[in-house]
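Peer 1: Below is the file work-v3.pdb, which contains PDB, C-alpha atoms, pLDDT in the B column.
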```pdb
ATOM      1  CA  MET A 102     -60.808  -6.095  -0.657  1.00 90.00           C
ATOM      2  CA  PRO A 103     -57.707  -5.329  -2.810  1.00 89.00           C
ATOM      3  CA  ARG A 104     -55.943  -1.961  -2.645  1.00 88.00           C
ATOM      4  CA  TYR A 105     -55.224   0.146  -5.730  1.00 91.00           C
ATOM      5  CA  ALA A 106     -53.338   3.334  -6.518  1.00 91.00           C
ATOM      6  CA  ALA A 107     -54.234   5.665  -9.375  1.00 95.00           C
ATOM      7  CA  LYS A 108     -52.207   8.598 -10.691  1.00 94.00           C
ATOM      8  CA  LEU A 109     -54.648  11.339 -11.712  1.00 97.00           C
ATOM      9  CA  LEU A 110     -53.883  14.362 -13.905  1.00 97.00           C
ATOM     10  CA  PHE A 111     -55.439  17.767 -13.187  1.00 98.00           C
ATOM     11  CA  ILE A 112     -54.944  20.966 -15.231  1.00 96.00           C
ATOM     12  CA  TRP A 113     -55.426  24.526 -13.944  1.00 94.00           C
ATOM     13  CA  SER A 114     -57.108  26.900 -16.366  1.00 91.00           C
ATOM     14  CA  PRO A 115     -55.713  29.516 -16.564  1.00 88.00           C
ATOM     15  CA  ASP A 116     -52.507  29.051 -14.553  1.00 86.00           C
ATOM     16  CA  PRO A 117     -53.408  30.344 -11.045  1.00 88.00           C
ATOM     17  CA  VAL A 118     -49.995  31.965 -10.538  1.00 88.00           C
ATOM     18  CA  THR A 119     -49.068  33.356 -13.962  1.00 91.00           C
ATOM     19  CA  ASN A 120     -52.591  33.536 -15.461  1.00 86.00           C
ATOM     20  CA  SER A 121     -51.146  32.101 -18.670  1.00 84.00           C
ATOM     21  CA  PRO A 122     -53.802  30.320 -20.731  1.00 81.00           C
ATOM     22  CA  ARG A 123     -51.091  28.452 -22.694  1.00 84.00           C
ATOM     23  CA  ARG A 124     -48.455  27.211 -20.225  1.00 89.00           C
ATOM     24  CA  ARG A 125     -50.456  26.023 -17.242  1.00 90.00           C
ATOM     25  CA  LEU A 126     -49.933  24.436 -13.866  1.00 93.00           C
ATOM     26  CA  CYS A 127     -50.700  20.700 -13.893  1.00 95.00           C
ATOM     27  CA  GLU A 128     -51.021  18.396 -10.912  1.00 94.00           C
ATOM     28  CA  GLU A 129     -50.349  14.666 -10.893  1.00 93.00           C
ATOM     29  CA  ARG A 130     -51.964  13.121  -7.827  1.00 92.00           C
ATOM     30  CA  ILE A 131     -51.766   9.523  -6.619  1.00 91.00           C
ATOM     31  CA  VAL A 132     -54.742   8.256  -4.648  1.00 92.00           C
ATOM     32  CA  VAL A 133     -54.878   4.959  -2.735  1.00 91.00           C
ATOM     33  CA  TYR A 134     -58.168   3.144  -2.207  1.00 93.00           C
ATOM     34  CA  ARG A 135     -59.871  -0.256  -2.073  1.00 94.00           C
ATOM     35  CA  SER A 136     -61.862  -1.739  -4.901  1.00 96.00           C
ATOM     36  CA  ARG A 137     -63.435  -5.069  -5.878  1.00 95.00           C
ATOM     37  CA  SER A 138     -61.744  -5.383  -9.284  1.00 95.00           C
ATOM     38  CA  ALA A 139     -59.468  -3.662 -11.782  1.00 95.00           C
ATOM     39  CA  ARG A 140     -62.432  -2.308 -13.787  1.00 96.00           C
ATOM     40  CA  ASP A 141     -64.053  -1.017 -10.601  1.00 97.00           C
ATOM     41  CA  ALA A 142     -60.717   0.563  -9.585  1.00 97.00           C
ATOM     42  CA  VAL A 143     -60.579   2.550 -12.835  1.00 98.00           C
ATOM     43  CA  ARG A 144     -64.237   3.573 -12.476  1.00 98.00           C
ATOM     44  CA  LYS A 145     -63.589   4.766  -8.897  1.00 98.00           C
ATOM     45  CA  ALA A 146     -60.448   6.677  -9.940  1.00 98.00           C
ATOM     46  CA  LYS A 147     -62.391   8.530 -12.641  1.00 98.00           C
ATOM     47  CA  ALA A 148     -65.149   9.361 -10.152  1.00 98.00           C
ATOM     48  CA  MET A 149     -62.570  10.665  -7.645  1.00 98.00           C
ATOM     49  CA  GLY A 150     -60.995  12.842 -10.330  1.00 98.00           C
ATOM     50  CA  ARG A 151     -64.321  14.354 -11.342  1.00 98.00           C
ATOM     51  CA  THR A 152     -65.247  14.959  -7.677  1.00 98.00           C
ATOM     52  CA  GLU A 153     -61.984  16.859  -7.055  1.00 97.00           C
ATOM     53  CA  GLN A 154     -62.521  19.377  -9.868  1.00 97.00           C
ATOM     54  CA  LEU A 155     -62.752  22.990  -8.651  1.00 95.00           C
ATOM     55  CA  ARG A 156     -64.176  26.221 -10.068  1.00 95.00           C
ATOM     56  CA  PHE A 157     -63.509  29.613  -8.467  1.00 92.00           C
ATOM     57  CA  GLU A 158     -65.338  32.947  -8.817  1.00 92.00           C
ATOM     58  CA  SER A 159     -62.084  34.364 -10.248  1.00 89.00           C
ATOM     59  CA  GLY A 160     -62.597  32.168 -13.319  1.00 88.00           C
ATOM     60  CA  HIS A 161     -59.798  29.759 -12.384  1.00 90.00           C
ATOM     61  CA  ARG A 162     -60.619  26.087 -12.397  1.00 94.00           C
ATOM     62  CA  LEU A 163     -58.912  22.795 -11.700  1.00 96.00           C
ATOM     63  CA  ARG A 164     -60.067  20.249 -14.288  1.00 96.00           C
ATOM     64  CA  PHE A 165     -59.631  16.472 -14.156  1.00 98.00           C
ATOM     65  CA  ALA A 166     -57.874  15.484 -17.407  1.00 97.00           C
ATOM     66  CA  GLY A 167     -57.557  11.713 -16.961  1.00 98.00           C
ATOM     67  CA  ILE A 168     -55.841   8.745 -15.348  1.00 97.00           C
ATOM     68  CA  LEU A 169     -52.107   8.543 -16.028  1.00 95.00           C
ATOM     69  CA  GLN A 170     -51.707   5.169 -14.311  1.00 93.00           C
ATOM     70  CA  CYS A 171     -53.591   2.685 -12.131  1.00 93.00           C
ATOM     71  CA  MET A 172     -52.141  -0.360 -10.392  1.00 88.00           C
ATOM     72  CA  ALA A 173     -52.933  -2.951  -7.757  1.00 86.00           C
ATOM     73  CA  LEU A 174     -50.843  -2.634  -4.581  1.00 84.00           C
ATOM     74  CA  ASP A 175     -49.194  -5.758  -3.185  1.00 72.00           C
ATOM     75  CA  SER A 176     -48.841  -4.614   0.411  1.00 65.00           C
ATOM     76  CA  ASP A 177     -51.908  -4.201   2.611  1.00 64.00           C
ATOM     77  CA  ASP A 178     -50.207  -1.852   5.090  1.00 66.00           C
ATOM     78  CA  ALA A 179     -48.716   0.784   2.756  1.00 61.00           C
ATOM     79  CA  THR A 180     -50.305   4.243   3.033  1.00 61.00           C
ATOM     80  CA  GLU A 181     -48.460   6.020   0.261  1.00 54.00           C
ATOM     81  CA  ALA A 182     -49.814   9.171  -1.323  1.00 49.00           C
ATOM     82  CA  TRP A 183     -47.951  11.394  -3.764  1.00 53.00           C
ATOM     83  CA  TRP A 184     -48.540  14.475  -5.895  1.00 51.00           C
ATOM     84  CA  GLU A 185     -46.458  16.749  -8.091  1.00 65.00           C
ATOM     85  CA  PHE A 186     -47.068  19.981 -10.020  1.00 82.00           C
ATOM     86  CA  HIS A 187     -45.793  20.656 -13.555  1.00 86.00           C
ATOM     87  CA  ARG A 188     -46.219  23.595 -15.926  1.00 92.00           C
ATOM     88  CA  ARG A 189     -46.735  22.485 -19.506  1.00 91.00           C
ATOM     89  CA  SER A 190     -47.355  24.164 -22.822  1.00 92.00           C
ATOM     90  CA  ASN A 191     -50.506  22.808 -24.440  1.00 91.00           C
ATOM     91  CA  PRO A 192     -51.463  20.567 -21.484  1.00 92.00           C
ATOM     92  CA  GLU A 193     -54.543  19.146 -23.232  1.00 91.00           C
ATOM     93  CA  SER A 194     -52.366  17.928 -26.103  1.00 94.00           C
ATOM     94  CA  TRP A 195     -49.831  16.558 -23.603  1.00 92.00           C
ATOM     95  CA  ALA A 196     -52.631  14.772 -21.720  1.00 93.00           C
ATOM     96  CA  ARG A 197     -53.949  13.141 -24.926  1.00 92.00           C
ATOM     97  CA  LYS A 198     -50.429  11.973 -25.827  1.00 92.00           C
ATOM     98  CA  HIS A 199     -49.429  10.718 -22.347  1.00 93.00           C
ATOM     99  CA  THR A 200     -52.699   9.305 -21.007  1.00 92.00           C
ATOM    100  CA  PRO A 201     -52.580   5.609 -21.940  1.00 91.00           C
ATOM    101  CA  ARG A 202     -55.492   3.498 -23.094  1.00 90.00           C
ATOM    102  CA  GLU A 203     -57.262   1.836 -20.156  1.00 90.00           C
ATOM    103  CA  SER A 204     -56.098  -1.578 -21.390  1.00 89.00           C
ATOM    104  CA  ALA A 205     -52.457  -0.381 -21.108  1.00 89.00           C
ATOM    105  CA  LEU A 206     -52.764   0.598 -17.421  1.00 89.00           C
ATOM    106  CA  PHE A 207     -50.632  -1.524 -15.080  1.00 85.00           C
ATOM    107  CA  VAL A 208     -53.744  -2.835 -13.340  1.00 87.00           C
ATOM    108  CA  PHE A 209     -54.569  -4.756 -16.549  1.00 87.00           C
ATOM    109  CA  ALA A 210     -51.061  -5.283 -17.989  1.00 76.00           C
ATOM    110  CA  ASP A 211     -49.810  -6.828 -14.705  1.00 65.00           C
ATOM    111  CA  LYS A 212     -52.720  -9.271 -14.735  1.00 61.00           C
ATOM    112  CA  ARG A 213     -51.812 -10.412 -18.300  1.00 56.00           C
ATOM    113  CA  ARG A 214     -48.118 -10.709 -17.393  1.00 54.00           C
ATOM    114  CA  HIS A 215     -48.852 -12.836 -14.289  1.00 53.00           C
ATOM    115  CA  ARG A 216     -51.009 -15.307 -16.261  1.00 55.00           C
ATOM    116  CA  LYS A 217     -48.092 -16.409 -18.454  1.00 50.00           C
TER     117      LYS A 217
END
```
Could you show the structure in this file as structure tokens?

Peer 2:
Amino acid sequence: MPRYAAKLLFIWSPDPVTNSPRRRLCEERIVVYRSRSARDAVRKAKAMGRTEQLRFESGHRLRFAGILQCMALDSDDATEAWWEFHRRSNPESWARKHTPRESALFVFADKRRHRK
């Protein structure tokens, strides 16, 4: 079964360190997994993002905001995983602007490019 990587965006609300409701801590997380197809890979990535959401008694929560990128991996033996935190003003607006349409994700664009 093919391997895929998806870059997921999570937003803390409010920021767990500064408690700012405006400029909040965001996490970009890359997950690696197997899937039958590109469509199934995107479906699985969304499910993983929703599963990883957190809510604390303090009122803080980590919310899945969307998939920033998804691609098929060429190598069967790579075990890469990556994440990064960013603080952003208006993270929901940033997420809407920077989260591409599903059809623009590499997993679909690469397939179109290879057919030519």

Peer 1: Quick one: distance from CA of Arg130 in chain A to CA of Tyr105 in chain A in Å, one decimal?

Peer 2: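 Spanning CA of Arg130 in chain A to CA of Tyr105 in chain A is a straight-line distance of 13.5 Å.
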
Peer 1: Can you list, as an mmCIF file with C-alpha atoms, in the frame of the given file, the residues that the PyMOL selection byres ((chain A and resi 117) around 10) selects here?

Peer 2:
```cif
data_model
loop_
_atom_site.group_PDB
_atom_site.id
_atom_site.type_symbol
_atom_site.label_atom_id
_atom_site.label_comp_id
_atom_site.auth_asym_id
_atom_site.auth_seq_id
_atom_site.Cartn_x
_atom_site.Cartn_y
_atom_site.Cartn_z
ATOM 1 C CA TRP A 113 -55.426 24.526 -13.944
ATOM 2 C CA SER A 114 -57.108 26.900 -16.366
ATOM 3 C CA PRO A 115 -55.713 29.516 -16.564
ATOM 4 C CA ASP A 116 -52.507 29.051 -14.553
ATOM 5 C CA VAL A 118 -49.995 31.965 -10.538
ATOM 6 C CA THR A 119 -49.068 33.356 -13.962
ATOM 7 C CA ASN A 120 -52.591 33.536 -15.461
ATOM 8 C CA SER A 121 -51.146 32.101 -18.670
ATOM 9 C CA PRO A 122 -53.802 30.320 -20.731
ATOM 10 C CA ARG A 125 -50.456 26.023 -17.242
ATOM 11 C CA LEU A 126 -49.933 24.436 -13.866
ATOM 12 C CA SER A 159 -62.084 34.364 -10.248
ATOM 13 C CA GLY A 160 -62.597 32.168 -13.319
ATOM 14 C CA HIS A 161 -59.798 29.759 -12.384
ATOM 15 C CA ARG A 162 -60.619 26.087 -12.397
ATOM 16 C CA LEU A 163 -58.912 22.795 -11.700
#
```

Peer 1: Please enumerate the residues selected by the PyMOL selection byres ((chain A and resi 110) around 8) when evaluated against the supplied file, formatted as a ChimeraX atom specification.

Peer 2: /A:108-109,111-112,127-130,165-169,196

Peer 1: Please save C-alpha atoms of the selected residues as a PDB file, in the coordinates of the input.

Peer 2:
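The file below, again_2.pdb, is the result:
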```
ATOM      1  CA  LYS A 108     -52.207   8.598 -10.691  1.00 94.00           C
ATOM      2  CA  LEU A 109     -54.648  11.339 -11.712  1.00 97.00           C
ATOM      3  CA  PHE A 111     -55.439  17.767 -13.187  1.00 98.00           C
ATOM      4  CA  ILE A 112     -54.944  20.966 -15.231  1.00 96.00           C
ATOM      5  CA  CYS A 127     -50.700  20.700 -13.893  1.00 95.00           C
ATOM      6  CA  GLU A 128     -51.021  18.396 -10.912  1.00 94.00           C
ATOM      7  CA  GLU A 129     -50.349  14.666 -10.893  1.00 93.00           C
ATOM      8  CA  ARG A 130     -51.964  13.121  -7.827  1.00 92.00           C
ATOM      9  CA  PHE A 165     -59.631  16.472 -14.156  1.00 98.00           C
ATOM     10  CA  ALA A 166     -57.874  15.484 -17.407  1.00 97.00           C
ATOM     11  CA  GLY A 167     -57.557  11.713 -16.961  1.00 98.00           C
ATOM     12  CA  ILE A 168     -55.841   8.745 -15.348  1.00 97.00           C
ATOM     13  CA  LEU A 169     -52.107   8.543 -16.028  1.00 95.00           C
ATOM     14  CA  ALA A 196     -52.631  14.772 -21.720  1.00 93.00           C
TER      15      ALA A 196
END
```

Peer 1: Could you jot down the CA of Glu203 in chain A to CA of Gln154 in chain A separation for me, Å, one decimal place?

Peer 2: 21.0 Å

Peer 1: So which residues touch Lys145 in chain A within 10 Å, counting all atoms listed in the file, skipping near sequence neighbours fewer than 5 positions away, as a short mmCIF file (atom, residue, chain, number, x, y, z; two decimals) with C-alpha atoms, keeping the file's coordinate frame?

Peer 2:
```
data_model
loop_
_atom_site.label_atom_id
_atom_site.label_comp_id
_atom_site.auth_asym_id
_atom_site.auth_seq_id
_atom_site.Cartn_x
_atom_site.Cartn_y
_atom_site.Cartn_z
CA ALA A 107 -54.23 5.66 -9.38
CA TYR A 134 -58.17 3.14 -2.21
CA ARG A 135 -59.87 -0.26 -2.07
CA SER A 136 -61.86 -1.74 -4.90
CA ALA A 139 -59.47 -3.66 -11.78
CA ARG A 140 -62.43 -2.31 -13.79
CA GLY A 150 -61.00 12.84 -10.33
CA ARG A 151 -64.32 14.35 -11.34
#
```

Peer 1: Tell me which of A:Leu206, A:Arg123, A:Ala173, A:Ser138 sits closest to Asn191 in chain A, counting only C-alpha atoms.

Peer 2: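 Closest candidate: A:Arg123.
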
Peer 1: Tell me which of A:Arg156, A:Arg197, A:Arg189, A:Arg104 sits closest to Ala142 in chain A, counting all atoms listed in the file.

Peer 2: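 Using all atoms listed in the file, Ala142 in chain A sits closest to A:Arg104.
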
Peer 1: Please measure the separation of CA of Glu153 in chain A and CA of Phe209 in chain A, giving the value in Å to one decimal.

Peer 2: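 Here the two named atoms are 24.7 Å from each other.
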
Peer 1: When distances are computed from all atoms listed in the file, which of A:Arg124, A:Arg137, A:Lys147, A:Arg188 shows the smallest separation from Gln170 in chain A?

Peer 2: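 Of all the options, A:Lys147 lies closest to Gln170 in chain A.
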
Peer 1: Would you mind putting N, CA and C atoms back on range 149-165 of chain A and writing the result as a CSV table (one decimal), in the coordinates of the input?

Peer 2:
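Generated file (rebuild-v4.csv):
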```csv
chain,number,residue,atom,x,y,z
A,149,MET,N,-63.3,9.8,-8.6
A,149,MET,CA,-62.6,10.7,-7.6
A,149,MET,C,-62.0,11.9,-8.4
A,150,GLY,N,-61.5,11.7,-9.6
A,150,GLY,CA,-61.0,12.8,-10.3
A,150,GLY,C,-62.1,13.9,-10.6
A,151,ARG,N,-63.2,13.4,-11.1
A,151,ARG,CA,-64.3,14.4,-11.3
A,151,ARG,C,-64.8,15.1,-10.1
A,152,THR,N,-64.8,14.4,-8.9
A,152,THR,CA,-65.2,15.0,-7.7
A,152,THR,C,-64.3,16.0,-7.2
A,153,GLU,N,-63.0,15.9,-7.5
A,153,GLU,CA,-62.0,16.9,-7.1
A,153,GLU,C,-61.8,18.1,-7.9
A,154,GLN,N,-62.6,18.2,-9.0
A,154,GLN,CA,-62.5,19.4,-9.9
A,154,GLN,C,-63.0,20.6,-9.1
A,155,LEU,N,-62.4,21.8,-9.4
A,155,LEU,CA,-62.8,23.0,-8.7
A,155,LEU,C,-63.0,24.1,-9.6
A,156,ARG,N,-63.9,25.0,-9.3
A,156,ARG,CA,-64.2,26.2,-10.1
A,156,ARG,C,-64.3,27.4,-9.1
A,157,PHE,N,-63.5,28.5,-9.4
A,157,PHE,CA,-63.5,29.6,-8.5
A,157,PHE,C,-64.2,30.8,-9.1
A,158,GLU,N,-64.7,31.7,-8.3
A,158,GLU,CA,-65.3,32.9,-8.8
A,158,GLU,C,-64.4,33.8,-9.7
A,159,SER,N,-63.1,33.6,-9.5
A,159,SER,CA,-62.1,34.4,-10.2
A,159,SER,C,-62.0,33.9,-11.7
A,160,GLY,N,-62.7,32.7,-12.0
A,160,GLY,CA,-62.6,32.2,-13.3
A,160,GLY,C,-61.6,31.0,-13.4
A,161,HIS,N,-60.8,30.9,-12.4
A,161,HIS,CA,-59.8,29.8,-12.4
A,161,HIS,C,-60.5,28.5,-12.1
A,162,ARG,N,-60.0,27.4,-12.7
A,162,ARG,CA,-60.6,26.1,-12.4
A,162,ARG,C,-59.6,25.0,-12.5
A,163,LEU,N,-59.8,24.0,-11.7
A,163,LEU,CA,-58.9,22.8,-11.7
A,163,LEU,C,-59.8,21.7,-12.3
A,164,ARG,N,-59.3,21.2,-13.5
A,164,ARG,CA,-60.1,20.2,-14.3
A,164,ARG,C,-59.4,18.9,-14.3
A,165,PHE,N,-60.1,17.8,-14.1
A,165,PHE,CA,-59.6,16.5,-14.2
A,165,PHE,C,-59.4,16.1,-15.6
```
